[in-house]
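Engineer: Structure file my_file-v1.cif (mmCIF, C-alpha atoms) is given on the next line.
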```
data_structure
loop_
_atom_site.label_atom_id
_atom_site.label_comp_id
_atom_site.auth_asym_id
_atom_site.auth_seq_id
_atom_site.Cartn_x
_atom_site.Cartn_y
_atom_site.Cartn_z
CA MET T 1 -83.21 -17.10 28.16
CA GLU T 2 -80.59 -16.44 25.48
CA SER T 3 -77.48 -18.63 25.62
CA PRO T 4 -74.63 -16.69 27.27
CA ILE T 5 -71.82 -15.17 25.22
CA GLN T 6 -68.52 -16.89 26.07
CA GLY T 7 -65.27 -15.01 26.61
CA ASN T 8 -63.66 -16.23 23.37
CA GLN T 9 -66.49 -14.67 21.35
CA VAL T 10 -65.61 -11.21 22.64
CA ARG T 11 -61.84 -11.66 22.61
CA GLY T 12 -61.17 -8.95 20.04
CA HIS T 13 -63.25 -6.46 22.01
CA LEU T 14 -62.21 -7.32 25.55
CA ASP T 15 -59.63 -4.50 25.69
CA THR T 16 -62.26 -1.88 24.86
CA MET T 17 -64.79 -3.47 27.22
CA ILE T 18 -62.30 -3.34 30.12
CA LEU T 19 -61.35 0.26 29.28
CA SER T 20 -65.03 1.12 29.28
CA ILE T 21 -65.49 -0.41 32.74
CA LEU T 22 -62.46 1.45 34.07
CA ASP T 23 -63.73 4.69 32.55
CA ARG T 24 -66.57 4.58 35.09
CA GLU T 25 -64.50 3.69 38.14
CA GLU T 26 -61.07 2.30 39.05
CA SER T 27 -61.25 -1.39 39.98
CA HIS T 28 -59.28 -4.52 40.69
CA GLY T 29 -59.44 -7.65 38.51
CA PHE T 30 -62.23 -9.43 40.37
CA ASP T 31 -64.32 -6.29 40.38
CA ILE T 32 -63.78 -5.74 36.66
CA VAL T 33 -65.10 -9.23 35.87
CA LYS T 34 -68.14 -8.62 38.11
CA ARG T 35 -68.88 -5.31 36.43
CA LEU T 36 -68.47 -6.81 32.95
CA GLU T 37 -70.89 -9.60 33.78
CA GLN T 38 -73.34 -7.18 35.40
CA ALA T 39 -73.16 -4.92 32.34
CA GLY T 40 -73.84 -7.99 30.20
CA GLU T 41 -76.96 -8.66 32.31
CA GLY T 42 -76.05 -12.30 32.81
CA SER T 43 -75.50 -12.94 29.09
CA LEU T 44 -71.71 -12.68 29.29
CA LYS T 45 -69.67 -15.49 30.83
CA LEU T 46 -65.91 -14.97 31.05
CA LYS T 47 -63.24 -17.38 32.15
CA GLU T 48 -62.12 -15.04 34.86
CA GLY T 49 -58.38 -15.77 34.83
CA THR T 50 -58.11 -14.63 31.22
CA ILE T 51 -58.66 -11.02 32.23
CA TYR T 52 -55.18 -10.65 33.77
CA PRO T 53 -53.13 -11.16 30.59
CA VAL T 54 -55.32 -8.48 28.99
CA LEU T 55 -54.78 -6.14 31.95
CA TYR T 56 -50.99 -6.65 31.83
CA ARG T 57 -50.95 -6.06 28.09
CA ILE T 58 -52.97 -2.84 28.23
CA GLU T 59 -50.91 -1.65 31.19
CA ASP T 60 -47.69 -2.23 29.22
CA ALA T 61 -49.27 -0.25 26.38
CA GLY T 62 -49.86 2.63 28.81
CA LEU T 63 -53.65 2.48 28.52
CA VAL T 64 -54.17 1.78 32.21
CA LYS T 65 -52.06 2.25 35.32
CA ALA T 66 -52.03 -0.01 38.33
CA LYS T 67 -51.23 0.56 41.99
CA TRP T 68 -51.24 -1.85 44.90
CA GLU T 69 -54.38 -1.74 47.01
CA LYS T 70 -53.91 -0.11 50.42
CA ASN T 71 -54.54 -2.55 53.20
CA ASP T 72 -57.11 -0.34 55.00
CA SER T 73 -59.80 -2.98 54.90
CA GLY T 74 -57.83 -5.26 57.22
CA ARG T 75 -57.85 -7.92 54.52
CA LYS T 76 -55.06 -10.49 55.03
CA GLY T 77 -52.98 -12.33 52.44
CA PRO T 78 -51.73 -11.26 49.02
CA ARG T 79 -52.43 -7.80 47.70
CA ARG T 80 -54.52 -6.72 44.71
CA LYS T 81 -53.74 -4.16 42.04
CA ILE T 82 -56.19 -1.35 41.43
CA TYR T 83 -56.42 -0.39 37.77
CA SER T 84 -57.37 3.03 36.47
CA LEU T 85 -57.57 4.58 33.03
CA THR T 86 -54.80 6.86 31.71
CA SER T 87 -55.38 9.73 29.27
CA LYS T 88 -53.95 7.48 26.52
CA GLY T 89 -56.43 4.81 27.55
CA ARG T 90 -59.28 7.30 27.38
CA LYS T 91 -58.32 8.21 23.80
CA LYS T 92 -58.06 4.53 22.91
CA LEU T 93 -61.50 3.95 24.40
CA GLU T 94 -62.98 6.73 22.26
CA ALA T 95 -61.37 5.20 19.17
CA GLY T 96 -62.65 1.77 20.21
CA ARG T 97 -66.19 3.08 20.60
CA THR T 98 -66.10 4.65 17.14
CA GLU T 99 -64.75 1.42 15.62
CA TRP T 100 -67.45 -0.58 17.37
CA THR T 101 -70.23 1.69 16.10
CA GLN T 102 -68.91 1.37 12.54
CA PHE T 103 -68.62 -2.40 12.93
CA VAL T 104 -72.19 -2.73 14.22
CA ASN T 105 -73.56 -0.47 11.47
CA ILE T 106 -71.77 -2.31 8.68
CA VAL T 107 -72.13 -5.90 9.90
CA GLY T 108 -75.63 -5.22 11.23
CA ALA T 109 -76.73 -3.98 7.83
CA ILE T 110 -75.44 -7.16 6.21
CA VAL T 111 -76.36 -9.78 8.79
CA GLY T 112 -79.55 -8.08 9.95
CA GLY T 113 -81.18 -8.96 6.61
CA ALA T 114 -82.92 -5.58 6.38
CA ALA T 115 -82.89 -5.64 2.58
CA MET U 1 -53.46 -18.76 52.74
CA ASN U 2 -55.23 -21.77 51.27
CA THR U 3 -52.62 -24.25 50.01
CA SER U 4 -54.92 -25.88 47.43
CA LEU U 5 -55.64 -22.49 45.88
CA MET U 6 -51.95 -21.58 45.97
CA ILE U 7 -51.08 -24.82 44.14
CA ALA U 8 -53.72 -24.11 41.49
CA VAL U 9 -52.21 -20.65 40.92
CA GLU U 10 -48.63 -21.93 41.03
CA LYS U 11 -49.41 -24.53 38.36
CA ILE U 12 -50.28 -21.66 36.04
CA VAL U 13 -47.47 -19.29 36.97
CA ARG U 14 -44.40 -21.44 37.73
CA PRO U 15 -43.58 -22.51 34.14
CA ILE U 16 -43.69 -18.91 32.89
CA ASP U 17 -40.34 -17.26 32.26
CA ALA U 18 -40.94 -13.81 33.67
CA PRO U 19 -39.13 -11.32 35.92
CA LEU U 20 -39.57 -12.03 39.62
CA VAL U 21 -41.61 -8.86 40.16
CA ARG U 22 -44.07 -9.77 37.39
CA LYS U 23 -44.32 -13.37 38.57
CA THR U 24 -45.02 -12.30 42.15
CA ARG U 25 -47.69 -9.99 40.88
CA MET U 26 -49.31 -12.74 38.78
CA ARG U 27 -49.33 -15.05 41.81
CA GLU U 28 -50.81 -12.44 44.14
CA GLU U 29 -53.50 -11.23 41.77
CA LEU U 30 -54.57 -14.69 40.57
CA TYR U 31 -54.60 -15.97 44.15
CA CYS U 32 -56.77 -13.06 45.35
CA HIS U 33 -59.16 -13.64 42.48
CA LEU U 34 -59.35 -17.39 43.00
CA GLU U 35 -59.84 -16.95 46.72
CA ALA U 36 -62.69 -14.50 46.13
CA ILE U 37 -64.53 -16.82 43.75
CA TYR U 38 -63.87 -19.80 46.03
CA HIS U 39 -65.60 -17.98 48.91
CA GLU U 40 -68.50 -17.04 46.63
CA GLU U 41 -68.92 -20.67 45.56
CA LEU U 42 -68.52 -21.93 49.13
CA ALA U 43 -71.35 -19.63 50.25
CA LYS U 44 -73.52 -21.04 47.45
CA LEU U 45 -72.60 -24.74 47.63
CA ASP U 46 -71.59 -25.18 51.27
CA ASP U 47 -69.10 -27.88 50.22
CA LYS U 48 -65.37 -27.14 50.16
CA GLN U 49 -64.44 -29.64 47.43
CA ALA U 50 -67.31 -28.63 45.16
CA ALA U 51 -66.55 -24.94 45.77
CA PHE U 52 -62.88 -25.52 44.88
CA GLN U 53 -63.81 -27.27 41.62
CA ALA U 54 -66.31 -24.56 40.73
CA ALA U 55 -63.74 -21.84 41.44
CA ILE U 56 -61.11 -23.58 39.28
CA ASN U 57 -63.67 -23.90 36.50
CA ARG U 58 -64.58 -20.22 36.72
CA LEU U 59 -60.93 -19.18 36.62
CA GLY U 60 -60.46 -20.97 33.30
CA ASP U 61 -58.20 -23.48 31.61
CA PRO U 62 -54.67 -23.19 33.14
CA GLU U 63 -52.98 -23.84 29.77
CA THR U 64 -54.90 -21.00 28.12
CA ILE U 65 -54.23 -18.55 30.95
CA ARG U 66 -50.55 -19.50 31.00
CA ALA U 67 -50.24 -19.05 27.23
CA GLU U 68 -51.94 -15.65 27.42
CA LEU U 69 -49.75 -14.58 30.35
CA ARG U 70 -46.66 -15.61 28.39
CA LYS U 71 -47.78 -13.43 25.49
CA SER U 72 -47.96 -10.44 27.84
CA ILE U 73 -44.19 -10.68 28.49
CA PRO U 74 -41.76 -9.39 25.84
CA ARG U 75 -39.83 -12.21 24.11
CA TRP U 76 -36.37 -10.82 25.03
CA ASN U 77 -37.46 -10.69 28.67
CA GLN U 78 -38.59 -14.33 28.55
CA ILE U 79 -35.22 -15.46 27.15
CA LEU U 80 -33.33 -13.42 29.76
CA CYS U 81 -35.43 -14.88 32.58
CA LYS U 82 -35.02 -18.43 31.27
CA TYR U 83 -31.25 -18.13 31.61
CA PHE U 84 -31.46 -16.18 34.85
CA HIS U 85 -33.37 -19.13 36.33
CA TYR U 86 -30.26 -21.31 35.97
CA ILE U 87 -28.15 -19.03 38.15
CA LEU U 88 -30.55 -19.45 41.08
CA ARG U 89 -30.06 -22.26 43.55
CA GLN U 90 -31.98 -25.33 42.39
CA PRO U 91 -34.11 -27.40 44.79
CA GLY U 92 -31.92 -29.90 46.66
CA GLU U 93 -28.65 -28.33 45.50
CA GLY U 94 -25.94 -28.06 48.21
CA ARG U 95 -24.38 -24.72 49.17
CA VAL U 96 -20.83 -25.54 48.01
CA ARG U 97 -22.02 -27.08 44.75
CA TYR U 98 -24.20 -24.04 44.03
CA ALA U 99 -21.39 -21.59 44.89
CA LEU U 100 -19.01 -23.55 42.65
CA ARG U 101 -21.52 -23.63 39.78
CA PHE U 102 -22.16 -19.91 40.19
CA GLY U 103 -18.46 -19.02 40.37
CA LEU U 104 -17.54 -21.11 37.33
CA GLY U 105 -20.53 -19.83 35.38
CA TYR U 106 -19.67 -16.23 36.21
CA ALA U 107 -16.01 -16.70 35.27
CA LEU U 108 -17.04 -18.25 31.94
CA PHE U 109 -19.58 -15.52 31.29
CA LEU U 110 -16.99 -12.81 31.99
CA ALA U 111 -14.37 -14.56 29.86
CA VAL U 112 -16.78 -14.57 26.91
CA LEU U 113 -17.84 -11.00 27.62
CA LEU U 114 -14.25 -9.78 27.91
CA LEU U 115 -13.19 -11.61 24.78
CA VAL U 116 -14.33 -8.67 22.64
CA PRO U 117 -12.33 -5.96 24.48
CA ALA U 118 -9.35 -8.37 24.71
CA VAL U 119 -9.29 -8.95 20.94
CA MET U 120 -9.88 -5.24 20.24
CA ASN U 121 -7.09 -4.35 22.63
CA SER U 122 -4.61 -6.73 21.07
CA LEU U 123 -5.49 -5.47 17.58
CA LEU U 124 -5.15 -1.81 18.56
CA SER U 125 -2.05 -2.05 20.73
CA GLY U 126 -0.07 -4.70 18.78
CA ASN U 127 3.04 -5.58 20.79
CA ASP U 128 2.83 -2.51 23.00
CA GLN U 129 3.38 -3.84 26.53
CA GLN U 130 1.71 -0.89 28.26
CA TYR U 131 -1.75 -2.32 27.47
CA PRO U 132 -3.02 -5.47 29.18
CA GLY U 133 -2.94 -8.63 27.06
CA ALA U 134 -5.40 -11.52 26.78
CA SER U 135 -3.88 -13.20 29.87
CA PHE U 136 -4.96 -10.20 31.95
CA PHE U 137 -8.61 -10.67 30.89
CA VAL U 138 -8.49 -14.41 31.58
CA LEU U 139 -7.00 -13.72 35.01
CA LEU U 140 -9.62 -11.05 35.67
CA SER U 141 -12.41 -13.54 34.82
CA LEU U 142 -10.93 -16.16 37.12
CA VAL U 143 -10.51 -13.68 39.99
CA MET U 144 -14.09 -12.46 39.61
CA GLY U 145 -15.31 -16.07 39.44
CA TRP U 146 -13.40 -16.89 42.62
CA ASN U 147 -14.82 -13.77 44.35
CA SER U 148 -18.35 -14.81 43.35
CA PHE U 149 -17.72 -18.31 44.68
CA VAL U 150 -16.59 -16.94 48.07
CA ALA U 151 -19.38 -14.32 48.21
CA ILE U 152 -22.11 -16.87 47.40
CA LEU U 153 -20.67 -19.39 49.84
CA CYS U 154 -20.65 -16.80 52.65
CA ALA U 155 -23.98 -15.25 51.71
CA GLN U 156 -26.11 -18.39 51.77
CA PRO U 157 -26.05 -19.13 55.51
CA LEU U 158 -26.86 -15.43 56.08
CA ILE U 159 -29.76 -15.53 53.61
CA GLU U 160 -31.18 -18.63 55.28
CA ARG U 161 -30.75 -17.24 58.81
CA LYS U 162 -33.78 -15.54 60.34
CA GLY U 163 -33.79 -12.12 62.02
CA ILE U 164 -30.70 -10.79 60.28
CA ASN U 165 -32.43 -8.34 57.95
CA SER U 166 -32.21 -5.25 60.16
CA HIS U 167 -28.53 -5.89 60.99
CA LEU U 168 -27.69 -6.35 57.33
CA TRP U 169 -29.36 -3.10 56.47
CA ARG U 170 -27.48 -1.24 59.23
CA PHE U 171 -24.12 -2.75 58.24
CA GLY U 172 -24.77 -2.00 54.59
CA PHE U 173 -25.80 1.57 55.33
CA ALA U 174 -22.78 2.12 57.59
CA GLY U 175 -20.45 0.71 54.91
CA ALA U 176 -21.99 2.87 52.21
CA CYS U 177 -21.78 6.01 54.44
CA PHE U 178 -18.17 5.28 55.23
CA GLY U 179 -17.34 4.74 51.57
CA PHE U 180 -19.10 8.01 50.68
CA SER U 181 -17.27 10.01 53.37
CA VAL U 182 -13.93 8.55 52.28
CA THR U 183 -14.63 9.55 48.70
CA VAL U 184 -15.57 13.10 49.74
CA THR U 185 -12.49 13.39 51.97
CA HIS U 186 -10.31 12.10 49.18
CA PHE U 187 -11.78 14.60 46.75
CA LEU U 188 -11.25 17.50 49.19
CA LEU U 189 -7.64 16.46 49.82
CA TRP U 190 -7.12 16.26 46.09
CA VAL U 191 -8.51 19.81 45.67
CA VAL U 192 -6.46 21.24 48.55
CA SER U 193 -3.11 19.54 48.14
CA GLY U 194 -3.03 17.74 44.82
CA TRP U 195 -3.48 14.07 43.85
CA GLN U 196 -0.05 12.74 44.85
CA ASP U 197 -0.21 14.08 48.43
CA SER U 198 -3.73 12.81 49.10
CA LEU U 199 -2.81 9.40 47.68
CA ALA U 200 0.18 9.22 50.02
CA ILE U 201 -2.04 9.96 53.01
CA LEU U 202 -4.75 7.52 52.05
CA LEU U 203 -2.71 4.62 50.72
CA PRO U 204 -2.04 2.91 54.07
CA TRP U 205 -5.80 2.92 54.71
CA ALA U 206 -6.67 1.48 51.32
CA PRO U 207 -7.38 -2.10 52.54
CA LEU U 208 -9.84 -0.73 55.11
CA PHE U 209 -11.64 1.35 52.46
CA VAL U 210 -11.82 -1.59 50.11
CA PHE U 211 -13.14 -3.82 52.89
CA CYS U 212 -15.81 -1.27 53.91
CA ALA U 213 -16.93 -0.61 50.37
CA GLY U 214 -17.01 -4.35 49.64
CA TRP U 215 -18.90 -5.10 52.82
CA GLY U 216 -21.35 -2.27 52.10
CA ILE U 217 -22.13 -3.57 48.63
CA PHE U 218 -22.23 -7.18 49.84
CA SER U 219 -24.69 -6.31 52.65
CA ILE U 220 -27.01 -4.34 50.42
CA VAL U 221 -27.08 -7.07 47.75
CA LEU U 222 -27.67 -9.68 50.44
CA TRP U 223 -30.47 -7.69 52.04
CA HIS U 224 -32.09 -7.19 48.64
CA LEU U 225 -31.81 -10.90 47.79
CA LYS U 226 -33.19 -11.96 51.15
CA THR U 227 -36.14 -9.60 50.89
CA GLU U 228 -36.94 -10.81 47.38
CA LEU U 229 -36.57 -14.49 48.22
CA LYS U 230 -38.79 -14.07 51.28
CA GLN U 231 -41.62 -12.98 48.99
CA THR U 232 -41.41 -16.07 46.82
CA ARG U 233 -40.34 -18.75 49.30
CA ASP U 234 -43.91 -19.79 50.18
CA TRP U 235 -44.65 -20.28 46.49
CA ASP U 236 -41.35 -21.93 45.56
CA ASP U 237 -41.73 -24.48 48.35
CA LEU U 238 -45.05 -25.75 46.98
CA GLU U 239 -44.86 -29.24 45.51
CA LEU U 240 -46.85 -29.44 42.30
CA ALA U 241 -48.18 -32.77 41.13
CA TYR U 242 -48.93 -32.45 37.43
#
```
Now, as a test, write the supplied structure out as structure tokens.
Structural biologist:
Amino acid sequence: MESPIQGNQVRGHLDTMILSILDREESHGFDIVKRLEQAGEGSLKLKEGTIYPVLYRIEDAGLVKAKWEKNDSGRKGPRRKIYSLTSKGRKKLEAGRTEWTQFVNIVGAIVGGAA
Amino acid sequence: MNTSLMIAVEKIVRPIDAPLVRKTRMREELYCHLEAIYHEELAKLDDKQAAFQAAINRLGDPETIRAELRKSIPRWNQILCKYFHYILRQPGEGRVRYALRFGLGYALFLAVLLLVPAVMNSLLSGNDQQYPGASFFVLLSLVMGWNSFVAILCAQPLIERKGINSHLWRFGFAGACFGFSVTVTHFLLWVVSGWQDSLAILLPWAPLFVFCAGWGIFSIVLWHLKTELKQTRDWDDLELAY
């Protein structure tokens, strides 16, 4: 099996990856990490606490909005925030996807050794 | 709530200079996350200590998380919160000492703040006696400092007392309603009969109005403080061994 990609290797792309997860469905922090790791098919290992600073930053930038989870589930203890994408976040995600495609095309052509 | 998990979260969050709302949110979200991964690990390992260690490891290095969380707070907000922290009651500090520190601090803060209008005033008015001089601003600072001292001294036993929330809210609401109705009545009297007449009618009642308005504001501030402190007390009481 390939060695897993650590969180610091994807640091520059974590914002776009989170936006992409939230584009599919609104989620809370724990769920976002689970979905990221599932999407990475076991090859992505994040230090899970590092997701919150990213979420706060992109929320302050207006890319996502957060609301407190309703306590319908009967769950006790502290509450969780549910994050969802804003229209600004959706635009940012589109831009991020375009940037990523360009990056892969350019770097892939160089590193891939296709010459 | 699991105290070991709370301590692990508090070690990350406590040193961060952030507004109370943001800090509470960090605590709640990180705790929920840590608790969820702890239960996952406990189901796998069937050993509480091993599950705790595994959960801490999955959460990540506390220093790194703290540094990243700090970056998510604007610099000006961090500076403001750092200084705001000093006006809160410190662990082990007595009521009188805290009230005195608060009152003196507030008086000093006001004196510095009022220095600008005082200087401007003296420059603009010269020797004209109809404008207040620097002594007025110093006196104002001292009076406000004294008021803060008394308010803080009276408020603390009420904040610490249990079961007073609903009464505070009612008193505060009643005070605010009374103040509002007095203002409306005053305005109507002013419209109907002119300022001088309405003032003559209301003047004997002025101490009562001032008391009600003061009590209303005092109750609402107290209720707000008590509600906020209740949210953080469990976290603030945790003893962290670094």
Engineer: Written as a PDB file with C-alpha atoms, in the coordinates of the input, which residues does the PyMOL selection byres ((chain U) within 7 of (chain T)) give for the file shown?
Structural biologist:
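Dumped everything to selection_4.pdb:
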```
ATOM      1  CA  MET U   1     -53.460 -18.760  52.740  1.00  0.00           C
ATOM      2  CA  GLU U  28     -50.810 -12.440  44.140  1.00  0.00           C
ATOM      3  CA  GLU U  29     -53.500 -11.230  41.770  1.00  0.00           C
ATOM      4  CA  LEU U  30     -54.570 -14.690  40.570  1.00  0.00           C
ATOM      5  CA  CYS U  32     -56.770 -13.060  45.350  1.00  0.00           C
ATOM      6  CA  HIS U  33     -59.160 -13.640  42.480  1.00  0.00           C
ATOM      7  CA  ARG U  58     -64.580 -20.220  36.720  1.00  0.00           C
ATOM      8  CA  LEU U  59     -60.930 -19.180  36.620  1.00  0.00           C
ATOM      9  CA  GLY U  60     -60.460 -20.970  33.300  1.00  0.00           C
ATOM     10  CA  ILE U  65     -54.230 -18.550  30.950  1.00  0.00           C
ATOM     11  CA  GLU U  68     -51.940 -15.650  27.420  1.00  0.00           C
ATOM     12  CA  LEU U  69     -49.750 -14.580  30.350  1.00  0.00           C
ATOM     13  CA  SER U  72     -47.960 -10.440  27.840  1.00  0.00           C
TER      14      SER U  72
END
```
Engineer: Rounded to one decimal, what separation in Å do you get between atom CA of Val116 of chain U and atom CA of Asp17 of chain U?
Structural biologist: 29.0 Å
Engineer: What does the distance between atom CA of Leu19 of chain T and atom CA of Asn57 of chain U come to in Å, to one decimal place?
Structural biologist: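 One can read the atom CA of Leu19 of chain T to atom CA of Asn57 of chain U distance as 25.3 Å.
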Engineer: Contacts of Gly12 of chain T at 12 Å or less, counting all atoms listed in the file, minus same-chain residues fewer than 6 places along, as an MDAnalysis selection string?
Structural biologist: chainID T and resid 18 54 96 99:100
Engineer: One decimal, Å: what's the distance from atom CA of Glu40 of chain U over to atom CA of Gly42 of chain T, could you say?
Structural biologist: 16.4 Å
Engineer: Taking (-43.6, -16.5, 47.9) in the file's coordinates, which residues come within 10 Å, counting all atoms listed in the file, written as a list in words?
Structural biologist: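 Residues with an atom close enough to that point: Pro78 of chain T; Met6, Lys23, Thr24, Arg27, Glu28, Glu228, Leu229, Lys230, Gln231, Thr232, Arg233, Asp234, Trp235, Asp236, Asp237 and Leu238 of chain U.
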Engineer: Suppose a student applies the PyMOL selection byres ((chain U and resi 12) around 10) to this structure; what residues should they get, written as a PyMOL selection string?
Structural biologist: chain U and resi 7-11+13-16+26-27+30+61-67+69
Engineer: If the PyMOL selection byres ((chain U and resi 86-95) around 12) is run on the structure shown, which residues does it catch, given as JSON, numbers by chain?
Structural biologist: {"U": [17, 20, 79, 80, 81, 82, 83, 84, 85, 96, 97, 98, 99, 100, 101, 102, 103, 104, 105, 106, 109, 148, 149, 150, 151, 152, 153, 154, 155, 156, 157, 158, 159, 160, 225, 229, 233, 236, 237, 238, 239]}
Engineer: Is it possible to get the axis-aligned box enclosing segment 45-54 of chain T (all listed atoms, 6 Å extra per side) as JSON, with centre and edge lengths in Å rounded to one decimal?
Structural biologist:
```
{"center_x": -61.4, "center_y": -12.9, "center_z": 31.9, "size_x": 28.5, "size_y": 20.9, "size_z": 17.9}
```
Engineer: Would you please work out which residue, of T:Lys88, T:Gly112, T:Ser27, T:Leu44, is nearest to Leu14 of chain T when using all atoms listed in the file?
Structural biologist: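 Of the candidates, the smallest distance to Leu14 of chain T is held by T:Leu44.
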Engineer: When distances are computed from only C-alpha atoms, which of U:His39, U:Tyr31, U:Phe136, U:Leu110 shows the smallest separation from Ser122 of chain U?
Structural biologist: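 Of U:His39, U:Tyr31, U:Phe136, U:Leu110, the one nearest Ser122 of chain U is U:Phe136, counting only C-alpha atoms.
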